[in-house]
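These notes concern the structure reproduced below.
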Amino acid sequence: MINIINIHKSYVMGSNSLHVLKGIDLEIKQGEFVSIMGSSGSGKSTLLNILGILDNYDEGAYYLNGKLIKNISEKQAARLRNELVGFVFQSFNLISFKNAMENVALPLYYQGVGRKKRNIIAMEYLDKMGLRPWAEHMPNELSGGQKQRVAIARSLISKPKIIFADEPTGALDSHTSYEVMEILKEINTDGITVILVTHEHDIAAMTQKIIRLKDGRVAETIKNGDLMQWKHQYMKELETA
Ligand code: ADP
Ligand code: MG
């Protein structure tokens with residue numbers, strides 16, 4: 001589903017250039033539940049944005065569903081995103097002057113679906129998130145966990161194959177974080193590939209595979225069975241750091 005080969009990415013600001021990704025190789029299969037870890041500034045969001053076709057890269061190759069994603073137009077990128085991917089962000093990115101239902105329905109608005117139909121579908125997705133009673137509420141009337149569930153419903157409404165979540169629990173307390181992780185797990189059980197970025201090891205430990213970035217490269221990839229061993233090592237690393 002996702003294949004990247006020797007990806008490089010630099011940010012150029014005036015005469016300065018920051019080499020963030022220095023040759024990343026990655027394979028993620030359909031139906032996987034993967035986390036990308038690494039310290040702040042290690043390039044996690046940069047990588048996720050490339051995978052989600054929100055940003056381009058300088059060198060290497062990215063194949064999504066067998067299709068090379070390189071030098072494509074913004075229009076093509078938007079079409080692929082609509083077809084294939086959903087996004088969830090740390091700060092929810094809800095539209096403050098639209099209610100929960102309208103926020104969830106937004107992707108369908110962009111697909112040209114009429115108001116009545118898109119609102120009915122949005123209600124189904126809100127219902128799945130246990131938020132039917134909150135449909136008419138504005139984002140500022142919702143808790144953090146509720147806002148993230150609205151954002152997840154919005155990410156699912158266009159029936160994506162992959163959900164990209166950038167620190168989806170970063171603004172939530174641990175109890176609410178675990179609830180959101182349970183929802184992402186369920187989504188994954190339905191066959192959707194879930195790729196999330198986190199710097200919290202307990203969140204990463206809930207996924208099937210952890211990809212750890214360090215100094216612009218993949219430092220290690222840990223599969224589920226090895227997680228306990230890894231957690232032990234990681235804690236020791238933190239203690240000695
Ligand atoms: P992470 O998500 O792991 O915290 P990012 O991918 O956001 O890291 O950022 C990696 C590095 O690239 C950081 O040093 C950050 O300041 C820099 N960076 C990120 N986005 C931009 C940008 N649009 N322009 C310039 N520098 C950026
Ligand atoms: Mg980030």
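Residues in the structure tokens are named by chain (A, B, ... in the order shown) and by number from 1 within that chain; ligands are numbered from 1 in the order shown.
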
Just want the residues within 7 Å of ligand 2, written as JSON, numbers by chain, counting only C-alpha atoms and all ligand atoms.
{"A": [40, 41, 43, 44, 45, 166]}

The selected residues should be written to file as a PDB file, in the first residue's frame (atoms: N, CA, C and O atoms).
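Output (result21.pdb):
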ATOM      1  N   SER A  40      10.839  15.427  19.335  1.00  0.00           N
ATOM      2  CA  SER A  40      10.311  16.619  18.685  1.00  0.00           C
ATOM      3  C   SER A  40      11.328  17.131  17.664  1.00  0.00           C
ATOM      4  O   SER A  40      12.524  17.204  17.963  1.00  0.00           O
ATOM      5  N   GLY A  41      10.862  17.435  16.467  1.00  0.00           N
ATOM      6  CA  GLY A  41      11.746  17.950  15.429  1.00  0.00           C
ATOM      7  C   GLY A  41      12.455  16.872  14.630  1.00  0.00           C
ATOM      8  O   GLY A  41      13.278  17.168  13.759  1.00  0.00           O
ATOM      9  N   GLY A  43      11.191  14.977  12.436  1.00  0.00           N
ATOM     10  CA  GLY A  43      10.674  14.859  11.062  1.00  0.00           C
ATOM     11  C   GLY A  43       9.429  13.995  10.924  1.00  0.00           C
ATOM     12  O   GLY A  43       9.039  13.631   9.811  1.00  0.00           O
ATOM     13  N   LYS A  44       8.782  13.698  12.046  1.00  0.00           N
ATOM     14  CA  LYS A  44       7.590  12.843  12.007  1.00  0.00           C
ATOM     15  C   LYS A  44       6.473  13.467  11.172  1.00  0.00           C
ATOM     16  O   LYS A  44       5.894  12.814  10.299  1.00  0.00           O
ATOM     17  N   SER A  45       6.166  14.726  11.460  1.00  0.00           N
ATOM     18  CA  SER A  45       5.081  15.392  10.715  1.00  0.00           C
ATOM     19  C   SER A  45       5.470  15.566   9.250  1.00  0.00           C
ATOM     20  O   SER A  45       4.637  15.408   8.359  1.00  0.00           O
ATOM     21  N   ASP A 166      -1.767  12.786  13.118  1.00  0.00           N
ATOM     22  CA  ASP A 166      -0.559  13.439  13.630  1.00  0.00           C
ATOM     23  C   ASP A 166      -0.781  13.827  15.090  1.00  0.00           C
ATOM     24  O   ASP A 166      -1.505  14.776  15.379  1.00  0.00           O
TER      25      ASP A 166
END

Non-local contacts of A:Asp215 (10 Å; only C-alpha atoms; under 2 positions in same chain excluded) as an NGL selection string:
:A and (19-22 or 38-39 or 41-43 or 213 or 217-219)

Kindly save the residues from that selection, with N, CA, C and O atoms included, as a tab-separated table (two decimals), in the first residue's frame.
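Result file follows (part-v6.tsv):
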chain	number	residue	atom	x	y	z
A	19	HIS	N	18.12	19.83	6.35
A	19	HIS	CA	17.93	18.48	5.79
A	19	HIS	C	17.20	17.63	6.84
A	19	HIS	O	17.83	17.16	7.78
A	20	VAL	N	15.89	17.47	6.69
A	20	VAL	CA	15.08	16.83	7.74
A	20	VAL	C	15.01	15.31	7.55
A	20	VAL	O	15.25	14.55	8.48
A	21	LEU	N	14.67	14.87	6.35
A	21	LEU	CA	14.61	13.42	6.08
A	21	LEU	C	15.82	13.05	5.22
A	21	LEU	O	16.03	13.63	4.16
A	22	LYS	N	16.61	12.09	5.72
A	22	LYS	CA	17.90	11.81	5.08
A	22	LYS	C	17.97	10.38	4.56
A	22	LYS	O	18.89	9.65	4.90
A	38	GLY	N	9.52	9.41	17.58
A	38	GLY	CA	10.78	10.15	17.46
A	38	GLY	C	10.65	11.42	18.26
A	38	GLY	O	9.53	11.88	18.54
A	39	SER	N	11.77	12.00	18.64
A	39	SER	CA	11.71	13.19	19.46
A	39	SER	C	11.18	14.36	18.65
A	39	SER	O	11.09	14.28	17.41
A	41	GLY	N	10.86	17.43	16.47
A	41	GLY	CA	11.75	17.95	15.43
A	41	GLY	C	12.46	16.87	14.63
A	41	GLY	O	13.28	17.17	13.76
A	42	SER	N	12.13	15.60	14.89
A	42	SER	CA	12.82	14.52	14.19
A	42	SER	C	12.25	14.27	12.79
A	42	SER	O	12.75	13.39	12.07
A	43	GLY	N	11.19	14.98	12.44
A	43	GLY	CA	10.67	14.86	11.06
A	43	GLY	C	9.43	14.00	10.92
A	43	GLY	O	9.04	13.63	9.81
A	213	LEU	N	12.05	7.25	14.26
A	213	LEU	CA	12.91	8.13	13.48
A	213	LEU	C	13.97	8.73	14.40
A	213	LEU	O	13.70	9.09	15.54
A	217	ARG	N	16.55	9.50	9.90
A	217	ARG	CA	16.52	8.14	9.34
A	217	ARG	C	15.65	7.25	10.22
A	217	ARG	O	15.33	7.60	11.35
A	218	VAL	N	15.28	6.08	9.66
A	218	VAL	CA	14.56	5.11	10.47
A	218	VAL	C	15.58	4.41	11.36
A	218	VAL	O	16.45	3.68	10.87
A	219	ALA	N	15.49	4.67	12.66
A	219	ALA	CA	16.45	4.08	13.59
A	219	ALA	C	16.13	2.62	13.83
A	219	ALA	O	17.02	1.79	13.95

Fewer than 5 positions away in the same chain doesn't count, so skip those; otherwise give me all residues within 9 Å of A:Asp25, counting only C-alpha atoms, as a count of residues only.
7

Using only C-alpha atoms, determine which residues lie at most 10 Å from stretch 75-83 of chain A, disregarding the query and same-chain residues fewer than 4 positions distant; provide the list as a list in words.
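What passes the distance filter is Gly52, Ile53, Leu54, Asp55, Leu64, Ile69, Lys70, Asn71, Phe87, Pro107, Leu108, Tyr110, Gln111, Ser158, Lys159, Pro160, Lys161 and Ile162 of chain A.
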
Per DSSP on the backbone, what are the strand (DSSP E) residues of stretch 21-238 of chain A, as a PyMOL selection string?
chain A and resi 21-28+33-37+59-64+67-68+85-89+162-166+193-197+209-214+217-223

Contacts of A:Arg118 within 10 Å, only C-alpha atoms, excl. fewer than 3 positions in-chain, as a list in words
Met101, Glu102, Val104, Ala105, Leu106, Pro107, Leu108, Tyr109, Gln111, Gly112, Val113, Gly114, Arg115, Ile121, Ala122, Met123, Glu124 and Ile157 of chain A

Which residue of A:Gly14, A:Gly144, A:Pro133, A:Gly31 approaches ligand 1 most closely, using only C-alpha atoms and all ligand atoms
A:Gly14

Run DSSP on the backbone and grab whatever in stretch 16-230 of chain A lands in helix (DSSP H, G or I); send it over as a PyMOL selection string.
chain A and resi 44-51+74-84+100-110+115-128+132-134+139-141+144-156+174-189+201-204+224-230
